[in-house]
Every structure is written in structure tokens, then in C-alpha cells.
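Step one of this worksheet: look at the structure below.
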Amino acid sequence: MRTLSTPSPALILPPRSSSLSPAVLFNGSSTSSSSFTAETVAMVHAPPAGLTRTYQGPRHLCDQQEALIDILPDHTFLQIFTHLPTNQLCRCARVCRRWYNLAWDPRLWRSVRLTGDVLHVDRALRVLTRRLCQDTPNVCLTLETVVVSGCRRLTDRGLYTVAQCCPELQRLEVAGCYNVSNEAVFEVVSRCPNLEHLDVSGCSKVTCISLTREVSLKLSPMHGQQISIRYLDMTDCFALEDDGLHTIAAHCPMLTHLYLRRCTRLTDEGLRCLVLYCPAVRELSVSDCRFVSDFGLREIAKLEDRLRYLSIAHCGRITDVGVRYVAKYCSRLRYLNARGCEGLTDHGLEHLAKNCLKLKSLDIGKCPLVSDAGLEMLALNCFNLKRLSLKSCESITGRGLQVIAANCFDLQLLNVQDCDVSLEALRFVKRHCKRCVIEHTNPAFF
């Protein structure tokens, strides 16, 4: 029976699941959250009146079990509970009154994680936040992270709840929640001023992130504030266009990590606006953005030494000209993925090797115009190279690999799948780079 003094907790449990006994938790035989095949639901239970026991053995054994658990201090329980996922923590609240009080300790609820195809995830978020708002009515001051990635039934209503109740939210991940729209994102960024990490990858309805409801409106002085997001993942947001990216950049000037993989409608103009408003970008991915060309790389090069990570994989309009711009101005580049850029040749690789001396990871797979000459320039300049992918590079032979192995002693991963490389060259690499993992298609090498 519910009372005012003991409000009911929100329990994220599988249907028809039994309460979790202390013995189950401590002997390690409890069912993990990943093993539940049934969909989970939000259920409301009153705090248990007493300790629930499922063990029916001799009396003295049961007493001994009780004593062993009861002697554990509260801080030990809290330490154990910190390793439990959200649904298991809610199960612990059903064991006994002591566990109920411990399971709802505010220190355990800095994050909520509900992954997978959860039934009634909107309701689950509503009931959870309501319980966490018990001590501070209508506001949950402890919750900083909400992860509901893969919850395909999440709708704008669930995010409205998070936006209204969690003003201290710093991290939100809704990857794959394709029912989420611009309206819900607007509510979150407007009501959560501390939000720094936002993952909306796979949310195909999201086309803009701003402090105005109208996508076309840019930030103006009358708003008097900006969005504090630093990390933004919009992978597979297919409807994102240049205007949307322009608005995002204008509202999020503190962006440092931006991932726009497979946003196929973006062009060089969108990248120009991005660099104009977000000069602090360190990591940028425009993989599979087929309209991005050398002119877009010229704009990206204006980030200069701040840029450390760049992915332009499968951008078919990029050639040596664009890579030369990046190599000239972004000398502190650490990671470059240019896989599938068929216009890249040894000349572009030469500029990259001579200017980006601190390069650690390079993927130039499926670049048929790159040959051993380009690898030699890379080996003679980029001694810190740790990861190199040459998959399906038709012009690469064992001679280029031997030069790489003789100069890049710290090489840890080498991909030469579908390359015409001899067995002797692979053995040479293994002798000189003993920690290197070689991915190959030569059945004679093992």
C-alpha cells in the first residue's frame, strides 16, 4: 500500500520477473540485463515491508545467510550497486526496506541507461524521473547522463520528460531512436544549459539543433545565450542539409567533436559555415558525404593546428589538391581516413608525409593510385605511425611494406588485405615490428 512517507519507486523490470533476493545478488547467479529476452516495462512497487526470502532450507542456514549479508556496511552495498545497470538497481529496491533506501541513494543516480528495444520507454523515463524528483519536487538535480540508445519506441514525449526534470543533464545519447524530432531536441537544449555531449545518430527526423523552433532562424543577440554542446554525433541523419548545419554551427560555437557520417545532402557550403562559427573543432568526420570536394577541404584546412582527427572516407570528389590544403595548414593532424578517395595519389601522400609529421593513423585503402613511392615518403617522415590500412591498394608491393617496417618500429596494425604482397615481405614486417598485427589475405602466412 502506498503512503506519503514511503513513495513508490520506479522499477524497470521484465514482465513477470521475480524479486531479487540477497542470495542471488551476492552469489553471482542473477540474470544480467542483456539476457532478458522479453521487453521491459515500467512498474511501480511500494517499498517492501520486510526482508523477502526465497530460500526454504534449514533454519540455521537461513539465519547464517542473513547474518553474512546484514553485517555489510552501507558503503559496501553502495559500492556494489554502482556497478549495476538501471533495471537491476530497480530490482534491488524490491528486496527489503534497507535495500530500497540504499538503491535510491542519489549518488547512484547520476546516470540512467536503458538500451535495447524497451517497451514503454517513455513511461519508464517518466516514472524514474518522478521518483528521483522526490526530494526536490519537479527537478532532479543529480541526473547528469541519460542513455537510451537503441530504444526504438522512444518518442518526443520521453525527451520532454527528461528536458523538464533534468536541468543538470550533461550527456544524452538517443542513437537509433528514429521517432525523435527537432521539437524534442529543441526542448532538451533549451532547458539543459549544461548539455555537452549529444548523440542523435540514426535519428533521421533530426535536421537541426538550435535555440529557436524555426530551423531557418539563426542565433541573434536577442537570445543572449548559446548551446554548450562540445560533442555532437549526427551520423546517418540523412535529412541534414547545409541550412541545418549552418544553424547548428551558429548555435553551437564550442563544438570540438562533430561526426556527420553519411549525411549525404551536405556540400562544401555547409563546411564553410561550420568552420566560420566553430573554430575549435578537433575531430571531424564527413565520411560518405559524396558532395564534399576539394573546396570543402580548403575550408576545413582553416581549422589549422586545432584539427587532430579527419575522416573523408568515400568522398569521391576529393583529390590531391584538397589533401594538400589539409597537409599544409593542419600540421598536428594525428588521424586521417581517406579510404575510397580514388583521386588520391603519391603526390598527395608526399605532402601529407612532409607536413604532418605526428601522424599516427592513416587509412588509404581502396586508393588505386597510391604506390610504393608514396609509402617510402610516408616511412621516411612519419616515424610515429601506429596504424596503417592499405586494403585493396592495387599498386602496393612488398618493397613499400619493407620500407615502412624498417622505419616505423611502433607500427601496431597493418592492413594489407587484397594487396599483391609476397610472403617474404609479410615476414619482414613481422620481424621488424614485433607488436604489429597484420591483417592479410595470404593463406601461407600465419
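So you can find residues: chains in the C-alpha cells are A, B, ... in the order shown, residues in each start at 1, and ligands are numbered from 1 in order.
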
(message) Can you pull out the residues contacting A:Glu144? Cut-off 6 Å, using only C-alpha atoms, and skip same-chain residues under 3 positions away; I want them as a PyMOL selection string.
(response) chain A and resi 110-111+168-170

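The residues of stretch 216-405 of chain A that DSSP classifies as strand (DSSP E or B), using the backbone of this structure, are Tyr231, Leu232, Asp233, His257, Leu258, Tyr259, Glu283, Leu284, Ser285, Ser293, Tyr309, Leu310, Ser311, Arg317, Thr319, Tyr335, Leu336, Asn337, Gly343, Ser361, Leu362, Asp363, Arg387, Leu388 and Ser389 of chain A.
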
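With atom CA of A:Leu359 on one side and atom CA of A:Phe291 on the other, the separation reads 26.3 Å.
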
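As for atom CA of A:Tyr325 and atom CA of A:Gly400, they are spaced 25.3 Å apart.
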
(request) With a distance cut-off of 8 Å and only C-alpha atoms, select the neighbouring residues of A:Leu388, excluding the residue or stretch itself and same-chain residues fewer than 3 positions from it, and output the selection as a ChimeraX atom specification. (result) /A:361-364,385,411,413-415

(message) Residues of stretch 127-161 of chain A classed as alpha helix (DSSP H) by DSSP on the backbone are to be reported as a PyMOL selection string.
(response) chain A and resi 127-132+156-161

With a cut-off of 7 Å, could you pull out the residues of stretch 195-290 of chain A touching stretch 302-311 of chain A and give me the nearest pair of atoms for each, distance in Å to one decimal, using only C-alpha atoms, ordered by chain and ascending number, as a Markdown table?
```
| residue | atom | partner | partner_atom | distance |
| --- | --- | --- | --- | --- |
| A:Val275 | CA | A:Leu303 | CA | 6.8 |
| A:Pro279 | CA | A:Leu303 | CA | 6.0 |
| A:Ala280 | CA | A:Arg306 | CA | 6.6 |
| A:Val281 | CA | A:Leu307 | CA | 6.4 |
| A:Arg282 | CA | A:Leu307 | CA | 4.3 |
| A:Glu283 | CA | A:Tyr309 | CA | 4.5 |
| A:Leu284 | CA | A:Leu310 | CA | 5.1 |
| A:Ser285 | CA | A:Ser311 | CA | 4.5 |
| A:Val286 | CA | A:Ser311 | CA | 6.0 |
| A:Ser287 | CA | A:Ser311 | CA | 5.7 |
```

(message) Let me make sure I understand: among A:Asp122, A:Arg290, A:Ala175, A:Asn182, which one has the smallest atom-to-atom distance to A:Asp233 if we use only C-alpha atoms?
(response) A:Ala175

(request) May I ask which of the residues A:Phe186, A:Phe409, A:Tyr231, A:Tyr259 is the closest one to A:Gly202, counting only C-alpha atoms? (result) A:Tyr259

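When atom CA of A:Met234 is paired with atom CA of A:Cys203, their separation reads 7.8 Å.
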
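With only C-alpha atoms as the atoms that count, the residue of A:Arg399, A:Arg98, A:Arg230, A:Arg324 with the shortest distance to A:Thr345 is A:Arg324.
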
(message) When you look at A:Asp420 with a cut-off of 9 Å (counting only C-alpha atoms), what residues show up, excluding the ones that are within fewer than 5 positions of it in the same chain? I need them as a VMD selection string.
(response) chain A and resid 392 to 398

Expected file contents, prior selection, all heavy atoms, as a compact mmCIF listing (two decimals), in the first residue's frame:
```
# COMPACT_ATOMS: atom_id res chain seq x y z
N SER A 392 43.20 -3.23 -50.42
CA SER A 392 42.81 -3.13 -51.83
C SER A 392 43.57 -2.04 -52.59
O SER A 392 43.04 -1.49 -53.57
CB SER A 392 41.30 -2.89 -51.95
OG SER A 392 40.57 -3.93 -51.34
N CYS A 393 44.78 -1.72 -52.16
CA CYS A 393 45.64 -0.80 -52.92
C CYS A 393 46.40 -1.63 -53.95
O CYS A 393 47.39 -2.30 -53.63
CB CYS A 393 46.61 -0.06 -51.99
SG CYS A 393 45.82 1.19 -50.95
N GLU A 394 45.95 -1.57 -55.18
CA GLU A 394 46.45 -2.46 -56.21
C GLU A 394 47.91 -2.22 -56.58
O GLU A 394 48.59 -3.13 -57.07
CB GLU A 394 45.57 -2.32 -57.46
CG GLU A 394 44.10 -2.58 -57.19
CD GLU A 394 43.22 -2.18 -58.36
OE1 GLU A 394 43.79 -1.61 -59.33
OE2 GLU A 394 42.00 -2.42 -58.31
N SER A 395 48.41 -1.00 -56.36
CA SER A 395 49.77 -0.67 -56.79
C SER A 395 50.82 -0.92 -55.70
O SER A 395 52.01 -0.67 -55.92
CB SER A 395 49.83 0.80 -57.23
OG SER A 395 48.91 1.05 -58.27
N ILE A 396 50.41 -1.38 -54.55
CA ILE A 396 51.35 -1.62 -53.43
C ILE A 396 52.01 -3.00 -53.59
O ILE A 396 51.34 -3.99 -53.89
CB ILE A 396 50.61 -1.54 -52.08
CG1 ILE A 396 50.05 -0.15 -51.86
CG2 ILE A 396 51.52 -1.94 -50.94
CD1 ILE A 396 51.09 0.93 -51.74
N THR A 397 53.31 -3.04 -53.37
CA THR A 397 54.05 -4.31 -53.39
C THR A 397 54.84 -4.47 -52.09
O THR A 397 54.79 -3.63 -51.20
CB THR A 397 55.02 -4.36 -54.59
OG1 THR A 397 56.07 -3.39 -54.38
CG2 THR A 397 54.30 -4.06 -55.89
N GLY A 398 55.57 -5.54 -52.00
CA GLY A 398 56.35 -5.82 -50.80
C GLY A 398 57.45 -4.80 -50.55
O GLY A 398 57.85 -4.58 -49.40
```
